[in-house]
$ cat model-v3.csv   # CSV, C-alpha atoms
chain,number,residue,atom,x,y,z
A,289,MET,CA,0.0,0.0,0.0
A,290,LEU,CA,1.2,3.5,-0.9
A,291,LEU,CA,0.3,6.4,1.4
A,292,THR,CA,1.0,10.1,0.6
A,293,GLY,CA,-0.4,13.5,1.6
A,294,SER,CA,0.3,17.2,1.8
A,295,SER,CA,0.9,17.0,5.6
A,296,ASN,CA,3.4,14.6,7.2
A,297,THR,CA,1.6,14.9,10.5
A,298,LEU,CA,-1.7,13.8,8.9
A,299,VAL,CA,0.1,10.8,7.3
A,300,GLN,CA,1.6,9.7,10.5
A,301,SER,CA,-1.6,10.0,12.5
A,302,PHE,CA,-3.4,8.0,9.8
A,303,LEU,CA,-0.6,5.3,10.0
A,304,GLN,CA,-1.2,5.1,13.8
A,305,VAL,CA,-4.9,4.5,13.2
A,306,LEU,CA,-4.2,1.8,10.7
A,307,ASN,CA,-1.7,0.2,13.1
A,308,SER,CA,-4.3,0.1,15.8
A,309,LYS,CA,-6.5,-2.1,13.6
A,310,PHE,CA,-4.1,-4.1,11.4
A,311,SER,CA,-0.6,-5.6,11.7
A,312,MET,CA,1.4,-3.3,9.5
A,313,LYS,CA,5.1,-2.3,8.9
A,314,ASP,CA,6.2,1.0,7.6
A,315,LEU,CA,8.9,0.4,4.9
A,316,GLY,CA,9.9,4.1,4.8
A,317,PRO,CA,10.1,6.3,1.6
A,318,LEU,CA,8.9,4.7,-1.6
A,319,HIS,CA,11.6,3.1,-3.7
A,320,HIS,CA,10.1,0.0,-5.3
A,321,PHE,CA,6.5,-1.0,-5.9
A,322,LEU,CA,5.1,-3.9,-7.9
A,323,GLY,CA,8.2,-4.1,-10.1
A,324,ILE,CA,8.4,-0.3,-10.6
A,325,GLN,CA,11.5,1.4,-9.3
A,326,VAL,CA,10.8,4.9,-7.9
A,327,GLN,CA,13.7,7.3,-7.6
A,328,SER,CA,13.3,10.8,-6.0
A,329,THR,CA,15.0,13.6,-8.0
A,330,THR,CA,15.5,17.3,-7.3
A,331,THR,CA,12.5,18.1,-9.5
A,332,GLY,CA,10.1,15.1,-8.8
A,333,LEU,CA,10.1,11.4,-9.4
A,334,HIS,CA,11.6,9.0,-11.9
A,335,LEU,CA,9.7,5.7,-12.6
A,336,SER,CA,11.4,2.8,-14.3
A,337,GLN,CA,11.2,-1.0,-14.7
A,338,THR,CA,14.9,-1.6,-15.5
A,339,HIS,CA,15.1,-4.8,-13.4
A,340,TYR,CA,11.8,-6.1,-14.8
A,341,ALA,CA,13.0,-5.4,-18.4
A,342,TYR,CA,16.3,-7.2,-17.7
A,343,SER,CA,14.4,-10.3,-16.5
A,344,ILE,CA,12.3,-10.3,-19.7
A,345,LEU,CA,15.5,-10.3,-21.8
A,346,GLU,CA,16.9,-13.0,-19.5
A,347,ARG,CA,13.8,-15.2,-20.0
A,348,ALA,CA,14.1,-14.7,-23.8
A,349,GLN,CA,17.8,-15.5,-23.7
A,350,MET,CA,18.6,-12.2,-25.4
A,351,LEU,CA,20.8,-10.5,-22.9
A,352,GLU,CA,23.6,-10.3,-25.4
A,353,CYS,CA,21.5,-9.3,-28.4
A,354,GLN,CA,22.3,-6.4,-30.7
A,355,PRO,CA,20.1,-3.3,-29.9
A,356,MET,CA,17.8,-1.8,-32.5
A,357,PRO,CA,16.9,1.9,-32.8
A,358,THR,CA,13.1,1.3,-33.1
A,359,PRO,CA,10.7,-1.3,-31.7
A,360,LEU,CA,9.1,-2.2,-35.1
A,361,VAL,CA,10.0,-1.7,-38.8
A,362,GLN,CA,7.9,1.0,-40.5
A,363,LYS,CA,6.4,-1.3,-43.1
A,364,SER,CA,5.9,-4.9,-42.3
A,365,VAL,CA,5.8,-7.4,-45.2
A,366,SER,CA,3.2,-10.1,-44.7
A,367,THR,CA,3.8,-13.5,-46.3
A,368,SER,CA,1.1,-16.0,-47.4
A,369,VAL,CA,3.2,-18.9,-46.1
A,370,ASP,CA,4.2,-18.7,-42.5
A,371,THR,CA,5.2,-21.4,-40.0
A,372,PRO,CA,3.3,-21.5,-36.6
A,373,VAL,CA,5.4,-21.1,-33.5
A,374,ASP,CA,6.4,-24.5,-31.9
A,375,ASP,CA,5.6,-23.3,-28.4
A,376,PRO,CA,2.8,-20.7,-28.4
A,377,SER,CA,3.0,-20.3,-24.6
A,378,TYR,CA,6.5,-19.0,-24.9
A,379,PHE,CA,5.2,-16.2,-27.3
A,380,ARG,CA,2.3,-15.4,-25.0
A,381,VAL,CA,4.5,-15.2,-21.9
A,382,LEU,CA,6.9,-12.7,-23.6
A,383,VAL,CA,4.0,-10.6,-24.9
A,384,GLY,CA,2.3,-10.6,-21.6
A,385,SER,CA,5.5,-9.5,-19.9
A,386,LEU,CA,5.9,-6.7,-22.4
A,387,GLN,CA,2.3,-5.5,-21.7
A,388,TYR,CA,3.1,-4.9,-18.1
A,389,LEU,CA,6.3,-3.1,-19.1
A,390,THR,CA,4.2,-0.4,-20.9
A,391,LEU,CA,3.2,0.9,-17.5
A,392,THR,CA,6.3,3.1,-17.7
A,393,ARG,CA,7.2,2.8,-21.4
A,394,PRO,CA,4.6,4.5,-23.6
A,395,ASP,CA,7.0,4.2,-26.5
A,396,LEU,CA,6.3,0.5,-26.5
A,397,SER,CA,2.5,0.7,-26.5
A,398,PHE,CA,1.9,0.5,-30.2
A,399,SER,CA,4.3,-2.3,-30.9
A,400,VAL,CA,3.2,-4.4,-28.0
A,401,ASN,CA,-0.5,-3.8,-28.9
A,402,TYR,CA,0.4,-5.0,-32.4
A,403,VAL,CA,2.0,-8.3,-31.4
A,404,SER,CA,-0.8,-8.8,-28.9
A,405,GLN,CA,-3.2,-9.3,-31.7
A,406,PHE,CA,-1.6,-12.6,-32.6
A,407,MET,CA,-1.8,-14.3,-29.2
A,408,HIS,CA,-4.4,-16.9,-30.3
A,409,SER,CA,-2.2,-18.2,-33.2
A,410,PRO,CA,1.3,-16.9,-33.3
A,411,HIS,CA,3.6,-17.5,-36.3
A,412,MET,CA,7.3,-17.2,-36.7
A,413,SER,CA,7.0,-13.8,-38.3
A,414,HIS,CA,5.1,-12.6,-35.2
A,415,LEU,CA,7.9,-14.0,-33.0
A,416,LYS,CA,10.4,-12.0,-35.1
A,417,TYR,CA,8.4,-8.8,-34.3
A,418,VAL,CA,8.6,-9.7,-30.5
A,419,ARG,CA,12.4,-10.2,-30.8
A,420,ARG,CA,12.7,-6.9,-32.6
A,421,ILE,CA,10.9,-5.2,-29.6
A,422,LEU,CA,13.3,-7.0,-27.2
A,423,ARG,CA,16.3,-5.8,-29.2
A,424,TYR,CA,15.0,-2.2,-28.9
A,425,LEU,CA,14.4,-2.8,-25.2
A,426,LYS,CA,18.1,-3.9,-24.8
A,427,GLY,CA,19.2,-0.5,-26.0
A,428,THR,CA,16.8,1.4,-23.8
A,429,LEU,CA,16.9,-0.5,-20.5
A,430,ASP,CA,17.4,2.6,-18.4
A,431,PHE,CA,14.4,4.5,-19.9
A,432,GLY,CA,11.6,5.5,-17.6
A,433,LEU,CA,9.1,8.3,-16.9
A,434,SER,CA,10.3,11.5,-15.3
A,435,LEU,CA,7.5,13.3,-13.5
A,436,THR,CA,8.1,16.9,-12.3
A,437,ALA,CA,6.5,18.6,-9.4
A,438,ASP,CA,6.9,22.1,-10.8
A,439,THR,CA,4.0,22.1,-13.2
A,440,SER,CA,0.4,23.1,-13.6
A,441,LEU,CA,-2.5,20.8,-12.8
A,442,ALA,CA,-4.3,21.5,-16.1
A,443,LEU,CA,-5.6,18.5,-18.1
A,444,SER,CA,-4.9,18.1,-21.8
A,445,ALA,CA,-4.8,15.2,-24.3
A,446,PHE,CA,-3.6,14.4,-27.8
A,447,SER,CA,-5.7,11.9,-29.9
A,448,ASP,CA,-5.0,10.4,-33.3
A,449,ALA,CA,-5.9,7.4,-35.5
A,450,ASP,CA,-4.1,5.5,-38.2
A,451,TRP,CA,-6.9,5.1,-40.8
A,452,ALA,CA,-7.2,1.5,-42.1
A,453,GLY,CA,-3.8,0.8,-40.8
A,454,CYS,CA,-4.3,-3.0,-40.3
A,455,GLN,CA,-3.6,-4.7,-43.6
A,456,MET,CA,-5.7,-7.7,-42.8
A,457,THR,CA,-8.9,-6.2,-41.4
A,458,ARG,CA,-8.5,-2.6,-42.6
A,459,ARG,CA,-9.4,-1.4,-39.1
A,460,SER,CA,-7.9,1.8,-37.7
A,461,THR,CA,-5.8,2.1,-34.6
A,462,THR,CA,-6.8,4.6,-31.9
A,463,GLY,CA,-4.1,6.4,-30.0
A,464,TYR,CA,-4.2,9.0,-27.3
A,465,CYS,CA,-2.2,10.3,-24.4
A,466,THR,CA,-3.3,12.6,-21.5
A,467,PHE,CA,-1.2,15.1,-19.5
A,468,LEU,CA,-1.6,16.7,-16.1
A,469,GLY,CA,0.4,19.8,-16.7
A,470,SER,CA,3.6,18.6,-18.4
A,471,ASN,CA,3.4,15.1,-16.9
A,472,ILE,CA,1.9,12.2,-18.9
A,473,VAL,CA,-0.6,10.3,-16.8
A,474,SER,CA,-2.3,7.8,-19.2
A,475,TRP,CA,-2.0,6.6,-22.8
A,476,CYS,CA,-3.6,4.1,-25.1
A,477,ALA,CA,-3.0,2.2,-28.4
A,478,LYS,CA,-5.9,0.1,-29.4
A,479,LYS,CA,-7.4,-1.2,-32.7
A,480,GLN,CA,-10.9,0.1,-33.3
A,481,THR,CA,-13.8,-2.5,-33.2
A,482,THR,CA,-15.2,-1.6,-36.6
A,483,VAL,CA,-14.0,-0.4,-40.0
A,484,ALA,CA,-14.0,3.3,-40.4
A,485,ARG,CA,-15.4,4.6,-43.7
A,486,SER,CA,-13.2,7.7,-43.7
A,487,SER,CA,-10.2,9.2,-41.9
A,488,THR,CA,-12.6,11.7,-40.3
A,489,GLU,CA,-14.6,8.9,-38.8
A,490,ALA,CA,-11.5,7.1,-37.5
A,491,LYS,CA,-10.0,10.2,-35.9
A,492,TYR,CA,-13.4,11.3,-34.5
A,493,ARG,CA,-13.7,8.0,-32.7
A,494,ALA,CA,-10.2,8.4,-31.3
A,495,MET,CA,-11.3,11.8,-30.0
A,496,ALA,CA,-14.3,10.3,-28.3
A,497,HIS,CA,-12.1,7.8,-26.4
A,498,ALA,CA,-9.7,10.6,-25.4
A,499,ALA,CA,-12.7,12.8,-24.3
A,500,ALA,CA,-14.0,9.9,-22.1
A,501,GLU,CA,-10.6,9.5,-20.5
A,502,LEU,CA,-10.4,13.3,-19.8
A,503,THR,CA,-13.8,13.1,-18.2
A,504,TRP,CA,-12.8,10.2,-16.0
A,505,LEU,CA,-9.6,12.0,-15.0
A,506,GLY,CA,-11.6,15.1,-14.2
A,507,TYR,CA,-13.9,13.2,-11.8
A,508,LEU,CA,-10.8,11.6,-10.2
A,509,LEU,CA,-9.2,15.0,-9.6
A,510,ASP,CA,-12.4,16.3,-8.1
A,511,ASP,CA,-12.4,13.4,-5.6
A,512,LEU,CA,-8.8,14.3,-4.7
A,513,ARG,CA,-9.9,17.9,-4.2
A,514,VAL,CA,-7.9,19.2,-7.2
A,515,PRO,CA,-10.5,21.2,-9.1
A,516,GLN,CA,-9.9,22.2,-12.7
A,517,ARG,CA,-10.0,26.0,-13.3
A,518,ASN,CA,-10.3,25.7,-17.0
A,519,PRO,CA,-11.8,23.0,-19.3
A,520,PRO,CA,-9.4,20.3,-20.5
A,521,ILE,CA,-8.0,20.7,-24.1
A,522,LEU,CA,-8.1,17.9,-26.6
A,523,TYR,CA,-5.7,18.3,-29.5
A,524,GLY,CA,-6.4,16.7,-32.9
A,525,ASP,CA,-4.8,17.0,-36.3
A,526,ASN,CA,-7.9,16.4,-38.5
A,527,LEU,CA,-9.8,19.5,-39.3
A,528,SER,CA,-12.9,17.7,-40.4
A,529,ALA,CA,-13.1,15.8,-37.1
A,530,LEU,CA,-12.7,19.1,-35.2
A,531,TYR,CA,-15.4,20.7,-37.2
A,532,LEU,CA,-17.8,17.9,-36.2
A,533,THR,CA,-17.3,18.9,-32.5
A,534,VAL,CA,-18.6,22.4,-33.0
A,535,ASN,CA,-20.8,22.3,-36.2
A,536,PRO,CA,-24.1,20.3,-35.9
A,537,VAL,CA,-24.8,20.8,-39.6
A,538,LEU,CA,-22.5,18.0,-40.4
A,539,HIS,CA,-24.3,15.5,-38.2
A,540,ALA,CA,-26.5,14.2,-41.1
A,541,ARG,CA,-23.4,13.2,-43.0
A,542,SER,CA,-22.1,11.2,-40.0
A,543,LYS,CA,-25.1,9.2,-38.8
A,544,HIS,CA,-23.0,6.0,-38.6
A,545,ILE,CA,-20.9,7.6,-35.8
A,546,ALA,CA,-23.8,9.2,-34.0
A,547,LEU,CA,-22.9,7.8,-30.5
A,548,ASP,CA,-19.4,9.2,-30.6
A,549,TYR,CA,-20.7,12.4,-32.2
A,550,HIS,CA,-23.3,13.1,-29.5
A,551,TYR,CA,-20.8,12.4,-26.7
A,552,VAL,CA,-18.0,14.7,-27.8
A,553,ARG,CA,-20.4,17.4,-29.2
A,554,GLU,CA,-22.2,17.5,-25.9
A,555,ARG,CA,-19.0,17.9,-23.9
A,556,VAL,CA,-18.0,20.8,-26.2
A,557,ALA,CA,-21.4,22.4,-26.1
A,558,GLN,CA,-21.5,22.3,-22.3
A,559,GLY,CA,-18.1,24.1,-22.2
A,560,VAL,CA,-16.4,21.3,-20.3
A,561,LEU,CA,-14.1,20.3,-23.2
A,562,ILE,CA,-12.2,22.4,-25.7
A,563,THR,CA,-10.9,21.0,-29.0
A,564,LYS,CA,-8.0,22.5,-30.8
A,565,HIS,CA,-6.1,21.7,-34.0
A,566,ILE,CA,-2.5,20.8,-33.9
A,567,PRO,CA,-0.2,20.1,-36.9
A,568,SER,CA,0.5,16.5,-37.6
A,569,THR,CA,4.2,17.2,-37.0
A,570,PHE,CA,3.5,17.9,-33.3
A,571,GLN,CA,0.8,15.2,-32.8
A,572,LEU,CA,2.2,13.2,-29.9
A,573,ALA,CA,-0.5,10.5,-30.3
A,574,ASP,CA,1.2,9.4,-33.6
A,575,ILE,CA,3.5,7.2,-31.6
A,576,PHE,CA,0.5,5.2,-30.4
A,577,THR,CA,-0.9,4.6,-33.9
A,578,LYS,CA,2.0,3.6,-36.2
A,579,SER,CA,5.7,2.7,-36.3
A,580,MET,CA,8.2,5.6,-36.1
A,581,THR,CA,11.5,6.5,-37.7
A,582,LYS,CA,14.5,6.7,-35.4
A,583,ALA,CA,14.6,10.5,-35.4
A,584,ARG,CA,10.9,10.9,-34.9
A,585,LEU,CA,10.8,8.3,-32.1
A,586,ALA,CA,13.6,10.1,-30.2
A,587,GLN,CA,11.7,13.4,-30.6
A,588,PHE,CA,8.5,11.9,-29.2
A,589,ARG,CA,10.2,10.1,-26.4
A,590,HIS,CA,11.4,13.4,-25.0
A,591,LYS,CA,8.0,15.0,-25.2
A,592,LEU,CA,6.4,11.9,-23.5
A,593,CYS,CA,8.6,12.5,-20.4
A,594,LEU,CA,10.8,9.5,-21.2

$ encode --input "model-v3.csv" --output "C-alpha cells"
Amino acid sequence: MLLTGSSNTLVQSFLQVLNSKFSMKDLGPLHHFLGIQVQSTTTGLHLSQTHYAYSILERAQMLECQPMPTPLVQKSVSTSVDTPVDDPSYFRVLVGSLQYLTLTRPDLSFSVNYVSQFMHSPHMSHLKYVRRILRYLKGTLDFGLSLTADTSLALSAFSDADWAGCQMTRRSTTGYCTFLGSNIVSWCAKKQTTVARSSTEAKYRAMAHAAAELTWLGYLLDDLRVPQRNPPILYGDNLSALYLTVNPVLHARSKHIALDYHYVRERVAQGVLITKHIPSTFQLADIFTKSMTKARLAQFRHKLCL
C-alpha cells in the first residue's frame, strides 16, 4: 500500500490509526513497488522498470543481443506462407510481460499492442516482431518516466488514429495520451472495433475515447480535491473531425458515428471540453498509432517524459 499526503503529520496520524486495527510495517520512503522502481529527484520522481525489463531479456535469452533503434519496422511485409510457433505459450509469456512493461514505457505501447493481436495463433513472423521489440528494449533498458512537481494541474490530451492501418482487417488504430500539466498520466494504443469509412470517422472515434478519458480523470481529480479551473483541451490534427465537434450541420453526414458524435459534441457544447487543431508534425499521439522512424521516435520520447 502506498500512502501520501500534503501533511506529514496527517500521514503519521493515519498510520497510527491503521496500526491500531491491522498488523502493519512502515517500509519508509517509496523506492520499489510492484516491479516499478521509484527514484526521487530534485524536480520530482523517476519511474522505471529496469530490473523487470532485464528479467524479460533473460527469460528470452537475449541479454547479449544487438540493440535496435526502433521497436518495429515502419512497413511490415506479410507473407502468405508462415510457420506456426512451436511453443505458443513462450510467445504469450513474452508478450504478456511486455504488456506490463508499458506501464512506464509509452514508446512500446503501439508495438506491444500490435503483437498482442496474434496471441491466439502466433507464427514465426510474429515472433520476429517480438524479438525486434526486445532488441529495442536492450538499448533502452534505463528509460523511464520523469515526473516533475513544478508544473500546472491542467488536463490536456492528444488523440489520433491511423486510418485503415491494419492490412488484414482494414481497421484503424486509436491512440491518445493525456497530460496533467507537463506530466503524462495515461496513454492508449488500441485497434478500433469496426472499420471506419473515412479518416474523419476514424479520428473522431479516437477523439471520443480521449474525451472519455479526460472526463474520468476530471472526476478523479475532483475526488482528490484538485478542481480544474479551465476545461481540458483535446488536440487533434484532423480539421474535419474538429469541425464535427462544433458544427451540428455535419451531423446528417455522419449518422453512422452518432454515438461518438453526441458524446463529444455534448461535452464541447457544455463548455467542459475544448478541442483544438494541432499540426501532424507535433501530434504526440502518432507514436501510439504507427511505427516511427529513429529520429521521430527520439523526438516523441522526450516529449512523453521518457

$ residues_around --input "model-v3.csv" --residues "region 422-432 of chain A" --least-positions-apart "2" --cutoff "6 Å" --atoms "only C-alpha atoms" --output "list in words"
Leu335, Ser336, Thr338, Pro355, Met356, Pro357, Thr358, Pro359, Thr392, Arg419, Arg420 and Leu594 of chain A

$ atom_distance --input "model-v3.csv" --atom1 "CA of Thr331 (chain A)" --atom2 "CA of Thr439 (chain A)"
10.1 Å

$ residues_around --input "model-v3.csv" --residues "Leu561 (chain A)" --least-positions-apart "4" --cutoff "6 Å" --atoms "all atoms listed in the file" --output "list in words"
Pro519, Pro520, Arg555 and Val556 of chain A

$ residues_near_point --input "model-v3.csv" --point "(-2.5, 12.5, -34.9)" --cutoff "12 Å" --atoms "all atoms listed in the file" --output "PyMOL selection string"
chain A and resi 445-451+461-465+487-488+490-492+494-495+522-527+529+565-578

$ atom_distance --input "model-v3.csv" --atom1 "CA of Glu554 (chain A)" --atom2 "CA of Arg493 (chain A)"
14.4 Å

$ atom_distance --input "model-v3.csv" --atom1 "CA of Asn401 (chain A)" --atom2 "CA of Leu351 (chain A)"
23.1 Å

$ closest_residue --input "model-v3.csv" --among "A:Ser377, A:Ser311, A:Ser434, A:Gln587" --to "Gly332 (chain A)" --atoms "all atoms listed in the file"
A:Ser434

$ residues_around --input "model-v3.csv" --residues "Phe406 (chain A)" --least-positions-apart "5" --cutoff "10 Å" --atoms "only C-alpha atoms" --output "PDB file with C-alpha atoms, in the frame of the given file"
ATOM      1  CA  PHE A 379       5.200 -16.200 -27.300  1.00  0.00           C
ATOM      2  CA  ARG A 380       2.300 -15.400 -25.000  1.00  0.00           C
ATOM      3  CA  VAL A 383       4.000 -10.600 -24.900  1.00  0.00           C
ATOM      4  CA  ASN A 401      -0.500  -3.800 -28.900  1.00  0.00           C
ATOM      5  CA  HIS A 411       3.600 -17.500 -36.300  1.00  0.00           C
ATOM      6  CA  HIS A 414       5.100 -12.600 -35.200  1.00  0.00           C
ATOM      7  CA  LEU A 415       7.900 -14.000 -33.000  1.00  0.00           C
TER       8      LEU A 415
END

$ closest_residue --input "model-v3.csv" --among "A:Gln387, A:Arg517, A:Thr292, A:Leu303" --to "Val560 (chain A)" --atoms "only C-alpha atoms"
A:Arg517

$ residues_around --input "model-v3.csv" --residues "Val381 (chain A)" --least-positions-apart "6" --cutoff "10 Å" --atoms "all atoms listed in the file" --output "list in words"
Ile344, Arg347, Ala348, Gln387 and Met407 of chain A

$ write_last_selection --input "model-v3.csv" --atoms "C-alpha atoms" --output "compact mmCIF listing (two decimals), in the coordinates of the input"
# COMPACT_ATOMS: atom_id res chain seq x y z
CA ILE A 344 12.30 -10.30 -19.70
CA ARG A 347 13.80 -15.20 -20.00
CA ALA A 348 14.10 -14.70 -23.80
CA GLN A 387 2.30 -5.50 -21.70
CA MET A 407 -1.80 -14.30 -29.20

$ residues_near_point --input "model-v3.csv" --point "(11.3, 4.9, -34.6)" --cutoff "8 Å" --atoms "only C-alpha atoms" --output "VMD selection string"
chain A and resid 357 to 362 579 to 586

$ write_last_selection --input "model-v3.csv" --atoms "C-alpha atoms" --output "PDB file, in the coordinates of the input"
ATOM      1  CA  PRO A 357      16.900   1.900 -32.800  1.00  0.00           C
ATOM      2  CA  THR A 358      13.100   1.300 -33.100  1.00  0.00           C
ATOM      3  CA  PRO A 359      10.700  -1.300 -31.700  1.00  0.00           C
ATOM      4  CA  LEU A 360       9.100  -2.200 -35.100  1.00  0.00           C
ATOM      5  CA  VAL A 361      10.000  -1.700 -38.800  1.00  0.00           C
ATOM      6  CA  GLN A 362       7.900   1.000 -40.500  1.00  0.00           C
ATOM      7  CA  SER A 579       5.700   2.700 -36.300  1.00  0.00           C
ATOM      8  CA  MET A 580       8.200   5.600 -36.100  1.00  0.00           C
ATOM      9  CA  THR A 581      11.500   6.500 -37.700  1.00  0.00           C
ATOM     10  CA  LYS A 582      14.500   6.700 -35.400  1.00  0.00           C
ATOM     11  CA  ALA A 583      14.600  10.500 -35.400  1.00  0.00           C
ATOM     12  CA  ARG A 584      10.900  10.900 -34.900  1.00  0.00           C
ATOM     13  CA  LEU A 585      10.800   8.300 -32.100  1.00  0.00           C
ATOM     14  CA  ALA A 586      13.600  10.100 -30.200  1.00  0.00           C
TER      15      ALA A 586
END

$ residues_around --input "model-v3.csv" --residues "Thr466 (chain A)" --least-positions-apart "2" --cutoff "10 Å" --atoms "all atoms listed in the file" --output "ChimeraX atom specification"
/A:443-447,464,468-476,498-499,501-502,505,520-522,573,592

$ build_atoms --input "model-v3.csv" --residues "region 483-503 of chain A" --atoms "N, CA and C atoms" --output "PDB file, in the frame of the given file"
ATOM      1  N   VAL A 483     -14.681  -1.100 -38.892  1.00  0.00           N
ATOM      2  CA  VAL A 483     -14.000  -0.400 -40.000  1.00  0.00           C
ATOM      3  C   VAL A 483     -14.503   0.963 -40.175  1.00  0.00           C
ATOM      4  N   ALA A 484     -13.615   1.945 -40.200  1.00  0.00           N
ATOM      5  CA  ALA A 484     -14.000   3.300 -40.400  1.00  0.00           C
ATOM      6  C   ALA A 484     -14.112   3.612 -41.907  1.00  0.00           C
ATOM      7  N   ARG A 485     -15.160   4.301 -42.305  1.00  0.00           N
ATOM      8  CA  ARG A 485     -15.400   4.600 -43.700  1.00  0.00           C
ATOM      9  C   ARG A 485     -14.601   5.797 -44.210  1.00  0.00           C
ATOM     10  N   SER A 486     -13.991   6.543 -43.315  1.00  0.00           N
ATOM     11  CA  SER A 486     -13.200   7.700 -43.700  1.00  0.00           C
ATOM     12  C   SER A 486     -12.202   8.006 -42.591  1.00  0.00           C
ATOM     13  N   SER A 487     -11.181   8.781 -42.927  1.00  0.00           N
ATOM     14  CA  SER A 487     -10.200   9.200 -41.900  1.00  0.00           C
ATOM     15  C   SER A 487     -10.857  10.063 -40.855  1.00  0.00           C
ATOM     16  N   THR A 488     -11.850  10.848 -41.253  1.00  0.00           N
ATOM     17  CA  THR A 488     -12.600  11.700 -40.300  1.00  0.00           C
ATOM     18  C   THR A 488     -13.262  10.838 -39.249  1.00  0.00           C
ATOM     19  N   GLU A 489     -13.914   9.781 -39.711  1.00  0.00           N
ATOM     20  CA  GLU A 489     -14.600   8.900 -38.800  1.00  0.00           C
ATOM     21  C   GLU A 489     -13.630   8.224 -37.832  1.00  0.00           C
ATOM     22  N   ALA A 490     -12.508   7.734 -38.348  1.00  0.00           N
ATOM     23  CA  ALA A 490     -11.500   7.100 -37.500  1.00  0.00           C
ATOM     24  C   ALA A 490     -10.958   8.006 -36.449  1.00  0.00           C
ATOM     25  N   LYS A 491     -10.641   9.225 -36.856  1.00  0.00           N
ATOM     26  CA  LYS A 491     -10.000  10.200 -35.900  1.00  0.00           C
ATOM     27  C   LYS A 491     -11.064  10.733 -34.943  1.00  0.00           C
ATOM     28  N   TYR A 492     -12.317  10.821 -35.384  1.00  0.00           N
ATOM     29  CA  TYR A 492     -13.400  11.300 -34.500  1.00  0.00           C
ATOM     30  C   TYR A 492     -13.613  10.278 -33.382  1.00  0.00           C
ATOM     31  N   ARG A 493     -13.565   9.005 -33.732  1.00  0.00           N
ATOM     32  CA  ARG A 493     -13.700   8.000 -32.700  1.00  0.00           C
ATOM     33  C   ARG A 493     -12.583   8.004 -31.717  1.00  0.00           C
ATOM     34  N   ALA A 494     -11.370   8.273 -32.198  1.00  0.00           N
ATOM     35  CA  ALA A 494     -10.200   8.400 -31.300  1.00  0.00           C
ATOM     36  C   ALA A 494     -10.441   9.590 -30.347  1.00  0.00           C
ATOM     37  N   MET A 495     -11.000  10.683 -30.870  1.00  0.00           N
ATOM     38  CA  MET A 495     -11.300  11.800 -30.000  1.00  0.00           C
ATOM     39  C   MET A 495     -12.320  11.504 -28.955  1.00  0.00           C
ATOM     40  N   ALA A 496     -13.304  10.676 -29.300  1.00  0.00           N
ATOM     41  CA  ALA A 496     -14.300  10.300 -28.300  1.00  0.00           C
ATOM     42  C   ALA A 496     -13.702   9.491 -27.180  1.00  0.00           C
ATOM     43  N   HIS A 497     -12.777   8.579 -27.495  1.00  0.00           N
ATOM     44  CA  HIS A 497     -12.100   7.800 -26.400  1.00  0.00           C
ATOM     45  C   HIS A 497     -11.264   8.721 -25.552  1.00  0.00           C
ATOM     46  N   ALA A 498     -10.554   9.668 -26.166  1.00  0.00           N
ATOM     47  CA  ALA A 498      -9.700  10.600 -25.400  1.00  0.00           C
ATOM     48  C   ALA A 498     -10.617  11.502 -24.528  1.00  0.00           C
ATOM     49  N   ALA A 499     -11.758  11.924 -25.063  1.00  0.00           N
ATOM     50  CA  ALA A 499     -12.700  12.800 -24.300  1.00  0.00           C
ATOM     51  C   ALA A 499     -13.221  12.013 -23.086  1.00  0.00           C
ATOM     52  N   ALA A 500     -13.527  10.731 -23.254  1.00  0.00           N
ATOM     53  CA  ALA A 500     -14.000   9.900 -22.100  1.00  0.00           C
ATOM     54  C   ALA A 500     -12.913   9.784 -21.058  1.00  0.00           C
ATOM     55  N   GLU A 501     -11.662   9.634 -21.501  1.00  0.00           N
ATOM     56  CA  GLU A 501     -10.600   9.500 -20.500  1.00  0.00           C
ATOM     57  C   GLU A 501     -10.377  10.850 -19.783  1.00  0.00           C
ATOM     58  N   LEU A 502     -10.498  11.975 -20.476  1.00  0.00           N
ATOM     59  CA  LEU A 502     -10.400  13.300 -19.800  1.00  0.00           C
ATOM     60  C   LEU A 502     -11.536  13.458 -18.801  1.00  0.00           C
ATOM     61  N   THR A 503     -12.719  12.990 -19.151  1.00  0.00           N
ATOM     62  CA  THR A 503     -13.800  13.100 -18.200  1.00  0.00           C
ATOM     63  C   THR A 503     -13.594  12.298 -16.964  1.00  0.00           C
TER      64      THR A 503
END
